[in-house]
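As provided, entry.cif (mmCIF, N, CA and C atoms) reads as follows.
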data_data
#
loop_
_atom_site.label_atom_id
_atom_site.label_comp_id
_atom_site.auth_asym_id
_atom_site.auth_seq_id
_atom_site.Cartn_x
_atom_site.Cartn_y
_atom_site.Cartn_z
N GLN A 1 95.16 130.45 126.29
CA GLN A 1 95.70 129.44 127.20
C GLN A 1 95.31 129.75 128.63
N VAL A 2 95.21 128.70 129.42
CA VAL A 2 94.87 128.82 130.84
C VAL A 2 95.95 128.10 131.64
N GLN A 3 96.42 128.76 132.67
CA GLN A 3 97.41 128.16 133.55
C GLN A 3 96.73 127.83 134.88
N LEU A 4 97.02 126.64 135.39
CA LEU A 4 96.44 126.19 136.64
C LEU A 4 97.55 125.86 137.63
N VAL A 5 97.39 126.32 138.86
CA VAL A 5 98.39 126.05 139.89
C VAL A 5 97.70 125.54 141.14
N GLU A 6 98.08 124.35 141.56
CA GLU A 6 97.50 123.75 142.76
C GLU A 6 98.35 124.08 143.98
N SER A 7 97.69 124.08 145.13
CA SER A 7 98.39 124.24 146.40
C SER A 7 97.58 123.56 147.49
N GLY A 8 98.20 123.38 148.65
CA GLY A 8 97.48 122.85 149.78
C GLY A 8 97.74 121.39 150.10
N GLY A 9 98.52 120.72 149.26
CA GLY A 9 98.83 119.33 149.56
C GLY A 9 99.73 119.19 150.76
N GLY A 10 99.90 117.97 151.22
CA GLY A 10 100.77 117.72 152.35
C GLY A 10 100.57 116.34 152.91
N SER A 11 101.08 116.13 154.10
CA SER A 11 100.97 114.85 154.78
C SER A 11 100.04 114.97 155.97
N VAL A 12 99.19 113.99 156.13
CA VAL A 12 98.22 114.01 157.22
C VAL A 12 97.95 112.58 157.66
N GLN A 13 97.52 112.42 158.87
CA GLN A 13 97.16 111.10 159.36
C GLN A 13 95.74 110.75 158.93
N ALA A 14 95.48 109.48 158.88
CA ALA A 14 94.14 109.01 158.52
C ALA A 14 93.11 109.64 159.45
N GLY A 15 92.00 110.06 158.84
CA GLY A 15 90.95 110.75 159.58
C GLY A 15 91.08 112.26 159.55
N GLY A 16 92.21 112.73 159.10
CA GLY A 16 92.45 114.16 159.05
C GLY A 16 91.85 114.82 157.82
N SER A 17 92.13 116.12 157.70
CA SER A 17 91.57 116.91 156.60
C SER A 17 92.64 117.74 155.92
N LEU A 18 92.40 118.02 154.65
CA LEU A 18 93.23 118.94 153.89
C LEU A 18 92.32 119.72 152.95
N ARG A 19 92.74 120.91 152.59
CA ARG A 19 92.01 121.72 151.62
C ARG A 19 92.94 122.10 150.48
N LEU A 20 92.64 121.61 149.31
CA LEU A 20 93.41 121.94 148.13
C LEU A 20 92.81 123.17 147.45
N SER A 21 93.68 123.94 146.84
CA SER A 21 93.25 125.12 146.11
C SER A 21 93.85 125.09 144.71
N CYS A 22 93.10 125.57 143.75
CA CYS A 22 93.59 125.65 142.37
C CYS A 22 93.30 127.05 141.84
N SER A 23 94.35 127.75 141.51
CA SER A 23 94.21 129.10 140.95
C SER A 23 94.37 129.06 139.44
N ALA A 24 93.53 129.79 138.75
CA ALA A 24 93.58 129.84 137.30
C ALA A 24 93.97 131.24 136.84
N SER A 25 94.76 131.29 135.77
CA SER A 25 95.14 132.57 135.17
C SER A 25 95.17 132.40 133.66
N GLY A 26 95.21 133.53 132.96
CA GLY A 26 95.21 133.49 131.51
C GLY A 26 93.80 133.69 130.98
N ASP A 27 93.46 132.94 129.96
CA ASP A 27 92.15 133.06 129.31
C ASP A 27 91.08 132.31 130.08
N THR A 28 90.87 132.70 131.33
CA THR A 28 89.94 131.97 132.19
C THR A 28 88.50 132.06 131.72
N TYR A 29 88.18 133.07 130.90
CA TYR A 29 86.82 133.17 130.38
C TYR A 29 86.51 132.01 129.45
N ASP A 30 87.55 131.29 129.03
CA ASP A 30 87.42 130.22 128.05
C ASP A 30 86.99 128.90 128.68
N VAL A 31 87.02 128.81 130.01
CA VAL A 31 86.70 127.54 130.64
C VAL A 31 85.40 127.62 131.42
N ASN A 32 84.66 126.51 131.41
CA ASN A 32 83.37 126.48 132.07
C ASN A 32 83.20 125.32 133.05
N SER A 33 84.16 124.42 133.09
CA SER A 33 84.14 123.34 134.07
C SER A 33 85.51 123.24 134.72
N ARG A 34 85.49 122.96 136.01
CA ARG A 34 86.73 122.76 136.74
C ARG A 34 86.63 121.44 137.49
N GLY A 35 87.73 120.73 137.53
CA GLY A 35 87.68 119.43 138.19
C GLY A 35 88.96 119.10 138.91
N TRP A 36 88.88 118.05 139.71
CA TRP A 36 90.03 117.51 140.40
C TRP A 36 90.18 116.03 140.03
N PHE A 37 91.41 115.65 139.78
CA PHE A 37 91.74 114.27 139.48
C PHE A 37 92.93 113.87 140.36
N ARG A 38 93.17 112.57 140.43
CA ARG A 38 94.33 112.13 141.21
C ARG A 38 94.95 110.90 140.56
N GLN A 39 96.23 110.70 140.89
CA GLN A 39 96.94 109.56 140.33
C GLN A 39 97.97 109.07 141.33
N SER A 40 97.92 107.76 141.56
CA SER A 40 98.90 107.11 142.44
C SER A 40 99.89 106.35 141.57
N PRO A 41 101.09 106.11 142.10
CA PRO A 41 102.10 105.38 141.31
C PRO A 41 101.55 104.03 140.85
N GLY A 42 101.72 103.77 139.57
CA GLY A 42 101.28 102.50 139.01
C GLY A 42 99.80 102.41 138.71
N LYS A 43 99.08 103.49 138.94
CA LYS A 43 97.64 103.49 138.69
C LYS A 43 97.29 104.54 137.65
N GLU A 44 96.13 104.36 137.03
CA GLU A 44 95.67 105.35 136.07
C GLU A 44 95.12 106.58 136.81
N ARG A 45 95.12 107.69 136.08
CA ARG A 45 94.53 108.91 136.65
C ARG A 45 93.02 108.69 136.82
N GLU A 46 92.50 109.09 137.97
CA GLU A 46 91.08 108.91 138.23
C GLU A 46 90.44 110.23 138.62
N ALA A 47 89.18 110.34 138.28
CA ALA A 47 88.44 111.56 138.62
C ALA A 47 88.11 111.57 140.10
N VAL A 48 88.05 112.78 140.63
CA VAL A 48 87.68 112.96 142.04
C VAL A 48 86.38 113.77 142.14
N ALA A 49 86.39 114.96 141.55
CA ALA A 49 85.22 115.83 141.66
C ALA A 49 85.24 116.85 140.53
N SER A 50 84.06 117.40 140.22
CA SER A 50 83.97 118.39 139.16
C SER A 50 82.74 119.26 139.38
N MET A 51 82.79 120.45 138.75
CA MET A 51 81.62 121.31 138.78
C MET A 51 81.72 122.31 137.65
N CYS A 52 80.57 122.80 137.21
CA CYS A 52 80.53 123.87 136.23
C CYS A 52 80.72 125.20 136.95
N ILE A 53 81.37 126.13 136.29
CA ILE A 53 81.62 127.42 136.90
C ILE A 53 80.33 128.19 137.11
N GLY A 54 79.42 128.08 136.18
CA GLY A 54 78.19 128.84 136.27
C GLY A 54 77.02 128.11 136.87
N GLY A 55 77.24 126.92 137.39
CA GLY A 55 76.13 126.15 137.93
C GLY A 55 76.35 125.74 139.37
N ILE A 56 75.44 124.94 139.88
CA ILE A 56 75.56 124.49 141.26
C ILE A 56 75.74 122.98 141.36
N ASP A 57 75.56 122.29 140.25
CA ASP A 57 75.70 120.84 140.27
C ASP A 57 77.15 120.45 140.48
N THR A 58 77.35 119.44 141.30
CA THR A 58 78.68 118.91 141.54
C THR A 58 78.68 117.41 141.26
N TYR A 59 79.84 116.90 140.93
CA TYR A 59 79.95 115.50 140.58
C TYR A 59 81.13 114.91 141.34
N TYR A 60 80.94 113.72 141.89
CA TYR A 60 81.97 113.10 142.70
C TYR A 60 82.16 111.64 142.32
N ALA A 61 83.38 111.20 142.47
CA ALA A 61 83.65 109.77 142.36
C ALA A 61 83.04 109.08 143.58
N ASP A 62 82.57 107.87 143.40
CA ASP A 62 81.95 107.14 144.51
C ASP A 62 82.89 107.02 145.70
N SER A 63 84.16 106.92 145.44
CA SER A 63 85.13 106.70 146.51
C SER A 63 85.30 107.90 147.44
N VAL A 64 84.83 109.07 147.02
CA VAL A 64 85.02 110.26 147.85
C VAL A 64 83.71 110.92 148.26
N LYS A 65 82.59 110.39 147.79
CA LYS A 65 81.29 110.98 148.14
C LYS A 65 81.10 111.01 149.64
N GLY A 66 80.63 112.15 150.14
CA GLY A 66 80.40 112.30 151.56
C GLY A 66 81.63 112.71 152.35
N ARG A 67 82.79 112.67 151.70
CA ARG A 67 84.03 113.06 152.39
C ARG A 67 84.68 114.29 151.75
N PHE A 68 84.58 114.42 150.44
CA PHE A 68 85.21 115.53 149.73
C PHE A 68 84.13 116.49 149.23
N THR A 69 84.49 117.77 149.18
CA THR A 69 83.59 118.79 148.67
C THR A 69 84.34 119.72 147.74
N ILE A 70 83.82 119.90 146.54
CA ILE A 70 84.39 120.85 145.60
C ILE A 70 83.61 122.15 145.67
N SER A 71 84.32 123.26 145.61
CA SER A 71 83.67 124.57 145.65
C SER A 71 84.48 125.53 144.80
N ARG A 72 83.92 126.70 144.57
CA ARG A 72 84.61 127.67 143.71
C ARG A 72 84.44 129.08 144.25
N ASP A 73 85.35 129.93 143.83
CA ASP A 73 85.27 131.36 144.07
C ASP A 73 85.54 132.00 142.72
N ASN A 74 84.50 132.30 141.98
CA ASN A 74 84.66 132.80 140.62
C ASN A 74 85.40 134.13 140.57
N ALA A 75 85.19 134.96 141.59
CA ALA A 75 85.85 136.26 141.61
C ALA A 75 87.37 136.11 141.68
N LYS A 76 87.81 135.03 142.33
CA LYS A 76 89.25 134.80 142.46
C LYS A 76 89.77 133.76 141.46
N ASN A 77 88.88 133.26 140.62
CA ASN A 77 89.25 132.20 139.67
C ASN A 77 89.89 131.01 140.38
N ARG A 78 89.31 130.65 141.50
CA ARG A 78 89.83 129.54 142.28
C ARG A 78 88.78 128.45 142.48
N VAL A 79 89.27 127.24 142.55
CA VAL A 79 88.45 126.09 142.88
C VAL A 79 89.13 125.38 144.05
N TYR A 80 88.30 124.87 144.95
CA TYR A 80 88.83 124.24 146.15
C TYR A 80 88.35 122.79 146.22
N LEU A 81 89.12 121.99 146.93
CA LEU A 81 88.70 120.63 147.24
C LEU A 81 88.93 120.41 148.73
N GLN A 82 87.85 120.41 149.48
CA GLN A 82 87.92 120.13 150.90
C GLN A 82 87.86 118.63 151.09
N MET A 83 88.88 118.08 151.72
CA MET A 83 88.97 116.63 151.90
C MET A 83 88.94 116.31 153.38
N ASN A 84 87.91 115.62 153.79
CA ASN A 84 87.75 115.22 155.19
C ASN A 84 87.80 113.70 155.31
N SER A 85 87.99 113.24 156.52
CA SER A 85 88.03 111.80 156.79
C SER A 85 88.97 111.08 155.82
N LEU A 86 90.14 111.62 155.67
CA LEU A 86 91.08 111.08 154.70
C LEU A 86 91.53 109.67 155.07
N LYS A 87 91.75 108.87 154.04
CA LYS A 87 92.16 107.49 154.20
C LYS A 87 93.52 107.29 153.50
N PRO A 88 94.26 106.28 153.90
CA PRO A 88 95.54 106.02 153.23
C PRO A 88 95.38 105.84 151.72
N GLU A 89 94.26 105.28 151.29
CA GLU A 89 94.04 105.08 149.86
C GLU A 89 93.78 106.38 149.11
N ASP A 90 93.64 107.49 149.81
CA ASP A 90 93.52 108.79 149.16
C ASP A 90 94.89 109.36 148.78
N THR A 91 95.94 108.70 149.21
CA THR A 91 97.29 109.15 148.88
C THR A 91 97.50 109.15 147.37
N ALA A 92 97.89 110.30 146.84
CA ALA A 92 98.05 110.45 145.39
C ALA A 92 98.55 111.84 145.08
N MET A 93 98.93 112.02 143.82
CA MET A 93 99.15 113.37 143.30
C MET A 93 97.80 113.87 142.81
N TYR A 94 97.41 115.04 143.28
CA TYR A 94 96.12 115.60 142.92
C TYR A 94 96.32 116.70 141.89
N TYR A 95 95.53 116.61 140.83
CA TYR A 95 95.63 117.55 139.72
C TYR A 95 94.35 118.35 139.55
N CYS A 96 94.52 119.61 139.30
CA CYS A 96 93.42 120.48 138.95
C CYS A 96 93.29 120.49 137.43
N ALA A 97 92.07 120.54 136.93
CA ALA A 97 91.85 120.53 135.49
C ALA A 97 90.73 121.50 135.13
N ALA A 98 90.76 121.97 133.89
CA ALA A 98 89.73 122.88 133.41
C ALA A 98 89.30 122.46 132.01
N ALA A 99 88.00 122.55 131.77
CA ALA A 99 87.43 122.18 130.48
C ALA A 99 86.73 123.38 129.87
N VAL A 100 86.72 123.43 128.55
CA VAL A 100 86.04 124.55 127.88
C VAL A 100 84.53 124.45 128.03
N PRO A 101 83.90 123.32 127.73
CA PRO A 101 82.45 123.27 127.89
C PRO A 101 82.05 123.05 129.34
N CYS A 102 80.80 123.36 129.63
CA CYS A 102 80.23 123.01 130.93
C CYS A 102 79.83 121.54 130.86
N LEU A 103 80.48 120.71 131.62
CA LEU A 103 80.25 119.26 131.59
C LEU A 103 79.17 118.94 132.61
N ARG A 104 77.99 118.60 132.12
CA ARG A 104 76.81 118.58 132.98
C ARG A 104 76.40 117.23 133.51
N THR A 105 77.00 116.17 133.04
CA THR A 105 76.63 114.87 133.57
C THR A 105 77.85 114.19 134.17
N THR A 106 77.61 113.21 135.03
CA THR A 106 78.71 112.53 135.69
C THR A 106 79.67 111.92 134.68
N SER A 107 79.15 111.30 133.67
CA SER A 107 80.00 110.62 132.70
C SER A 107 80.92 111.59 131.95
N TYR A 108 80.42 112.80 131.71
CA TYR A 108 81.26 113.80 131.05
C TYR A 108 82.18 114.50 132.04
N ALA A 109 81.63 114.86 133.19
CA ALA A 109 82.38 115.66 134.17
C ALA A 109 83.54 114.90 134.78
N LEU A 110 83.42 113.59 134.89
CA LEU A 110 84.47 112.80 135.53
C LEU A 110 85.29 112.02 134.51
N ASN A 111 85.42 112.59 133.32
CA ASN A 111 86.17 111.94 132.26
C ASN A 111 87.36 112.82 131.88
N ALA A 112 88.55 112.37 132.17
CA ALA A 112 89.75 113.19 132.00
C ALA A 112 89.96 113.72 130.58
N PRO A 113 89.70 112.95 129.53
CA PRO A 113 89.93 113.47 128.17
C PRO A 113 89.09 114.69 127.82
N ASN A 114 88.05 114.97 128.59
CA ASN A 114 87.22 116.15 128.32
C ASN A 114 87.85 117.44 128.83
N TYR A 115 88.96 117.33 129.54
CA TYR A 115 89.61 118.51 130.11
C TYR A 115 90.81 118.90 129.26
N LYS A 116 90.88 120.21 128.99
CA LYS A 116 91.92 120.72 128.10
C LYS A 116 93.16 121.20 128.85
N TYR A 117 92.95 121.75 130.04
CA TYR A 117 94.05 122.35 130.79
C TYR A 117 94.29 121.59 132.09
N TRP A 118 95.56 121.47 132.44
CA TRP A 118 95.94 120.72 133.64
C TRP A 118 97.02 121.46 134.42
N GLY A 119 96.95 121.32 135.74
CA GLY A 119 98.01 121.84 136.58
C GLY A 119 99.12 120.82 136.74
N GLN A 120 100.13 121.20 137.51
CA GLN A 120 101.29 120.33 137.72
C GLN A 120 101.07 119.31 138.83
N GLY A 121 100.09 119.56 139.67
CA GLY A 121 99.77 118.61 140.72
C GLY A 121 100.31 119.01 142.08
N THR A 122 99.65 118.50 143.11
CA THR A 122 100.10 118.68 144.49
C THR A 122 99.95 117.34 145.20
N GLN A 123 100.96 116.96 145.95
CA GLN A 123 100.99 115.63 146.56
C GLN A 123 100.20 115.62 147.87
N VAL A 124 99.38 114.59 148.02
CA VAL A 124 98.66 114.33 149.26
C VAL A 124 99.08 112.95 149.76
N THR A 125 99.54 112.90 150.99
CA THR A 125 99.96 111.64 151.59
C THR A 125 99.21 111.44 152.90
N VAL A 126 98.53 110.32 153.00
CA VAL A 126 97.75 110.00 154.19
C VAL A 126 98.35 108.76 154.83
N SER A 127 98.78 108.90 156.07
CA SER A 127 99.39 107.79 156.77
C SER A 127 98.40 107.15 157.74
N SER A 128 98.56 105.86 157.93
CA SER A 128 97.64 105.13 158.82
C SER A 128 98.10 105.16 160.26
#
Encoded form using structure tokens:
Amino acid sequence: QVQLVESGGGSVQAGGSLRLSCSASGDTYDVNSRGWFRQSPGKEREAVASMCIGGIDTYYADSVKGRFTISRDNAKNRVYLQMNSLKPEDTAMYYCAAAVPCLRTTSYALNAPNYKYWGQGTQVTVSS
């Protein structure tokens, strides 16, 4: 089993920045992809960003390209999501996720059912 814990959420004005962090513990050797997803009230969970632990390729939802950056620190078993130029529509609960296989294409990497482990989420609120 793998446990994921998110941190770094909060409230910010439009145009501001936040950095989310996701720490993994447990059988971390079992996972090869890490991703971020988000969900707003009344909406379905949507993918934000993903990357393989052992690779350099990153995958982003069109809505966040150029504004969000996913990165990792394998030594610390952490994944980060740097969010810049935040918009009110970015307001959501953000979830960290981990998948067993390395998900190498956009269609696989940004597909929630491919992820086995999930964190509890951290709230991001962007005011206009």
Worksheet item: Residues at most 7 Å from Ala97 of chain A, counting only N, CA and C atoms, excluding those fewer than 4 positions away in the same chain, as number ranges by chain?
Response: A: 33-37, 115-119
Discussion item. With 6.5 Å as the threshold, what does the neighbourhood of (85.0, 127.3, 134.2) contain in terms of residues, counting all atoms listed in the file? Coordinates are those of the file; answer as a list of chain:residue names.
Written reply: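 It turns out the residues near that spot are A:Thr28, A:Asp30, A:Val31, A:Asn32, A:Ser33, A:Arg34, A:Cys52, A:Ile53, A:Gly54, A:Ala99.
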Worksheet entry | Pick from A:Gly121, A:Ser128, A:Leu103, A:Leu18, whichever lies nearest to Met51 of chain A using all atoms listed in the file | A:Leu103
Worksheet entry | Residues returned when the PyMOL selection byres ((chain A and resi 49) around 8) runs on this file, as an MDAnalysis selection string | chainID A and resid 34:38 46:48 50:51 58:61 64 68:70 109:110
Worksheet item: For this file, the PyMOL selection byres ((chain A and resi 23) around 5) selects which residues, as a PyMOL selection string?
Response: chain A and resi 4-5+21-22+24-25+77-78
Can I get the selected residues back with N, CA and C atoms, as a PDB file, in the coordinates of the input?
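So out_27.pdb came out as:
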ATOM      1  N   LEU A   4      97.020 126.640 135.390  1.00  0.00           N
ATOM      2  CA  LEU A   4      96.440 126.190 136.640  1.00  0.00           C
ATOM      3  C   LEU A   4      97.550 125.860 137.630  1.00  0.00           C
ATOM      4  N   VAL A   5      97.390 126.320 138.860  1.00  0.00           N
ATOM      5  CA  VAL A   5      98.390 126.050 139.890  1.00  0.00           C
ATOM      6  C   VAL A   5      97.700 125.540 141.140  1.00  0.00           C
ATOM      7  N   SER A  21      93.680 123.940 146.840  1.00  0.00           N
ATOM      8  CA  SER A  21      93.250 125.120 146.110  1.00  0.00           C
ATOM      9  C   SER A  21      93.850 125.090 144.710  1.00  0.00           C
ATOM     10  N   CYS A  22      93.100 125.570 143.750  1.00  0.00           N
ATOM     11  CA  CYS A  22      93.590 125.650 142.370  1.00  0.00           C
ATOM     12  C   CYS A  22      93.300 127.050 141.840  1.00  0.00           C
ATOM     13  N   ALA A  24      93.530 129.790 138.750  1.00  0.00           N
ATOM     14  CA  ALA A  24      93.580 129.840 137.300  1.00  0.00           C
ATOM     15  C   ALA A  24      93.970 131.240 136.840  1.00  0.00           C
ATOM     16  N   SER A  25      94.760 131.290 135.770  1.00  0.00           N
ATOM     17  CA  SER A  25      95.140 132.570 135.170  1.00  0.00           C
ATOM     18  C   SER A  25      95.170 132.400 133.660  1.00  0.00           C
ATOM     19  N   ASN A  77      88.880 133.260 140.620  1.00  0.00           N
ATOM     20  CA  ASN A  77      89.250 132.200 139.670  1.00  0.00           C
ATOM     21  C   ASN A  77      89.890 131.010 140.380  1.00  0.00           C
ATOM     22  N   ARG A  78      89.310 130.650 141.500  1.00  0.00           N
ATOM     23  CA  ARG A  78      89.830 129.540 142.280  1.00  0.00           C
ATOM     24  C   ARG A  78      88.780 128.450 142.480  1.00  0.00           C
TER      25      ARG A  78
END
Fill in: atom N of Asn84 of chain A to atom C of Gly15 of chain A, straight-line distance in Å
7.4 Å
Worksheet item: Do you have the atom CA of Ala112 of chain A-atom CA of Ala98 of chain A distance handy?
Response: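 Here the two named atoms are 9.8 Å from each other.
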Fill in: Nearest-residue call for Gln123 of chain A, choices A:Asn74, A:Gln82, A:Gln39, A:Ser107, using only C-alpha atoms
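Of A:Asn74, A:Gln82, A:Gln39, A:Ser107, the one nearest Gln123 of chain A is A:Gln39, counting only C-alpha atoms.
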Discussion item. Let's see if you can do this: from backbone DSSP, list all helix (DSSP H, G or I) residues in chain A, as a ChimeraX atom specification.
Written reply: /A:28-30,74-76,88-90,106-109,112-114
Worksheet item: Among chain A, which residues carry a DSSP assignment of strand (DSSP E or B), reported as JSON, numbers by chain?
Response: {"A": [2, 3, 4, 5, 6, 7, 10, 11, 12, 13, 18, 19, 20, 21, 22, 23, 24, 25, 26, 33, 34, 35, 36, 37, 38, 39, 46, 47, 48, 49, 50, 51, 52, 58, 59, 60, 68, 69, 70, 71, 72, 73, 78, 79, 80, 81, 82, 83, 92, 93, 94, 95, 96, 97, 98, 99, 117, 118, 122, 123, 124, 125, 126, 127]}
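Across the model, the gap from atom N of Ser127 of chain A to atom C of Tyr95 of chain A is 19.5 Å.
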Item to complete: Using only C-alpha atoms, collect all residues at a distance of at most 10 Å from (102.1, 108.3, 142.2) as written in the file, then present them as a ChimeraX atom specification.
Response: /A:38-45,91-94,123-124
Generate the output file for the selected residues, N, CA and C atoms, as an mmCIF file, in the coordinates of the input.
data_model
loop_
_atom_site.group_PDB
_atom_site.id
_atom_site.type_symbol
_atom_site.label_atom_id
_atom_site.label_comp_id
_atom_site.auth_asym_id
_atom_site.auth_seq_id
_atom_site.Cartn_x
_atom_site.Cartn_y
_atom_site.Cartn_z
ATOM 1 N N ARG A 38 93.170 112.570 140.430
ATOM 2 C CA ARG A 38 94.330 112.130 141.210
ATOM 3 C C ARG A 38 94.950 110.900 140.560
ATOM 4 N N GLN A 39 96.230 110.700 140.890
ATOM 5 C CA GLN A 39 96.940 109.560 140.330
ATOM 6 C C GLN A 39 97.970 109.070 141.330
ATOM 7 N N SER A 40 97.920 107.760 141.560
ATOM 8 C CA SER A 40 98.900 107.110 142.440
ATOM 9 C C SER A 40 99.890 106.350 141.570
ATOM 10 N N PRO A 41 101.090 106.110 142.100
ATOM 11 C CA PRO A 41 102.100 105.380 141.310
ATOM 12 C C PRO A 41 101.550 104.030 140.850
ATOM 13 N N GLY A 42 101.720 103.770 139.570
ATOM 14 C CA GLY A 42 101.280 102.500 139.010
ATOM 15 C C GLY A 42 99.800 102.410 138.710
ATOM 16 N N LYS A 43 99.080 103.490 138.940
ATOM 17 C CA LYS A 43 97.640 103.490 138.690
ATOM 18 C C LYS A 43 97.290 104.540 137.650
ATOM 19 N N GLU A 44 96.130 104.360 137.030
ATOM 20 C CA GLU A 44 95.670 105.350 136.070
ATOM 21 C C GLU A 44 95.120 106.580 136.810
ATOM 22 N N ARG A 45 95.120 107.690 136.080
ATOM 23 C CA ARG A 45 94.530 108.910 136.650
ATOM 24 C C ARG A 45 93.020 108.690 136.820
ATOM 25 N N THR A 91 95.940 108.700 149.210
ATOM 26 C CA THR A 91 97.290 109.150 148.880
ATOM 27 C C THR A 91 97.500 109.150 147.370
ATOM 28 N N ALA A 92 97.890 110.300 146.840
ATOM 29 C CA ALA A 92 98.050 110.450 145.390
ATOM 30 C C ALA A 92 98.550 111.840 145.080
ATOM 31 N N MET A 93 98.930 112.020 143.820
ATOM 32 C CA MET A 93 99.150 113.370 143.300
ATOM 33 C C MET A 93 97.800 113.870 142.810
ATOM 34 N N TYR A 94 97.410 115.040 143.280
ATOM 35 C CA TYR A 94 96.120 115.600 142.920
ATOM 36 C C TYR A 94 96.320 116.700 141.890
ATOM 37 N N GLN A 123 100.960 116.960 145.950
ATOM 38 C CA GLN A 123 100.990 115.630 146.560
ATOM 39 C C GLN A 123 100.200 115.620 147.870
ATOM 40 N N VAL A 124 99.380 114.590 148.020
ATOM 41 C CA VAL A 124 98.660 114.330 149.260
ATOM 42 C C VAL A 124 99.080 112.950 149.760
#
Please put the answer as AutoDock Vina command-line options: centre and edge lengths, in Å with one decimal, of a box along x, y and z that encloses all listed atoms of segment 49-52 of chain A plus 6 Å on each side.
--center_x 83.5 --center_y 120.1 --center_z 138.9 --size_x 17.9 --size_y 22.2 --size_z 17.4
Practice prompt. Kindly resolve the PyMOL selection byres (((chain A and resi 11 and name CA) around 8) and name CA) on the present coordinates and return the residues as a ChimeraX atom specification.
Written response: /A:9-10,12-13,124-127
Could I get segment 2-14 of chain A rebuilt with N, CA, C and O atoms, written as a PDB file, in the frame of the given file?
ATOM      1  N   VAL A   2      95.210 128.700 129.420  1.00  0.00           N
ATOM      2  CA  VAL A   2      94.870 128.820 130.840  1.00  0.00           C
ATOM      3  C   VAL A   2      95.950 128.100 131.640  1.00  0.00           C
ATOM      4  O   VAL A   2      96.338 126.980 131.297  1.00  0.00           O
ATOM      5  N   GLN A   3      96.420 128.760 132.670  1.00  0.00           N
ATOM      6  CA  GLN A   3      97.410 128.160 133.550  1.00  0.00           C
ATOM      7  C   GLN A   3      96.730 127.830 134.880  1.00  0.00           C
ATOM      8  O   GLN A   3      95.982 128.664 135.423  1.00  0.00           O
ATOM      9  N   LEU A   4      97.020 126.640 135.390  1.00  0.00           N
ATOM     10  CA  LEU A   4      96.440 126.190 136.640  1.00  0.00           C
ATOM     11  C   LEU A   4      97.550 125.860 137.630  1.00  0.00           C
ATOM     12  O   LEU A   4      98.520 125.186 137.258  1.00  0.00           O
ATOM     13  N   VAL A   5      97.390 126.320 138.860  1.00  0.00           N
ATOM     14  CA  VAL A   5      98.390 126.050 139.890  1.00  0.00           C
ATOM     15  C   VAL A   5      97.700 125.540 141.140  1.00  0.00           C
ATOM     16  O   VAL A   5      96.834 126.235 141.696  1.00  0.00           O
ATOM     17  N   GLU A   6      98.080 124.350 141.560  1.00  0.00           N
ATOM     18  CA  GLU A   6      97.500 123.750 142.760  1.00  0.00           C
ATOM     19  C   GLU A   6      98.350 124.080 143.980  1.00  0.00           C
ATOM     20  O   GLU A   6      99.562 124.289 143.878  1.00  0.00           O
ATOM     21  N   SER A   7      97.690 124.080 145.130  1.00  0.00           N
ATOM     22  CA  SER A   7      98.390 124.240 146.400  1.00  0.00           C
ATOM     23  C   SER A   7      97.580 123.560 147.490  1.00  0.00           C
ATOM     24  O   SER A   7      96.406 123.215 147.280  1.00  0.00           O
ATOM     25  N   GLY A   8      98.200 123.380 148.650  1.00  0.00           N
ATOM     26  CA  GLY A   8      97.480 122.850 149.780  1.00  0.00           C
ATOM     27  C   GLY A   8      97.740 121.390 150.100  1.00  0.00           C
ATOM     28  O   GLY A   8      97.230 120.872 151.099  1.00  0.00           O
ATOM     29  N   GLY A   9      98.520 120.720 149.260  1.00  0.00           N
ATOM     30  CA  GLY A   9      98.830 119.330 149.560  1.00  0.00           C
ATOM     31  C   GLY A   9      99.730 119.190 150.760  1.00  0.00           C
ATOM     32  O   GLY A   9     100.267 120.175 151.281  1.00  0.00           O
ATOM     33  N   GLY A  10      99.900 117.970 151.220  1.00  0.00           N
ATOM     34  CA  GLY A  10     100.770 117.720 152.350  1.00  0.00           C
ATOM     35  C   GLY A  10     100.570 116.340 152.910  1.00  0.00           C
ATOM     36  O   GLY A  10      99.966 115.479 152.267  1.00  0.00           O
ATOM     37  N   SER A  11     101.080 116.130 154.100  1.00  0.00           N
ATOM     38  CA  SER A  11     100.970 114.850 154.780  1.00  0.00           C
ATOM     39  C   SER A  11     100.040 114.970 155.970  1.00  0.00           C
ATOM     40  O   SER A  11     100.105 115.954 156.713  1.00  0.00           O
ATOM     41  N   VAL A  12      99.190 113.990 156.130  1.00  0.00           N
ATOM     42  CA  VAL A  12      98.220 114.010 157.220  1.00  0.00           C
ATOM     43  C   VAL A  12      97.950 112.580 157.660  1.00  0.00           C
ATOM     44  O   VAL A  12      98.120 111.631 156.869  1.00  0.00           O
ATOM     45  N   GLN A  13      97.520 112.420 158.870  1.00  0.00           N
ATOM     46  CA  GLN A  13      97.160 111.100 159.360  1.00  0.00           C
ATOM     47  C   GLN A  13      95.740 110.750 158.930  1.00  0.00           C
ATOM     48  O   GLN A  13      94.916 111.643 158.667  1.00  0.00           O
ATOM     49  N   ALA A  14      95.480 109.480 158.880  1.00  0.00           N
ATOM     50  CA  ALA A  14      94.140 109.010 158.520  1.00  0.00           C
ATOM     51  C   ALA A  14      93.110 109.640 159.450  1.00  0.00           C
ATOM     52  O   ALA A  14      93.321 109.769 160.657  1.00  0.00           O
TER      53      ALA A  14
END
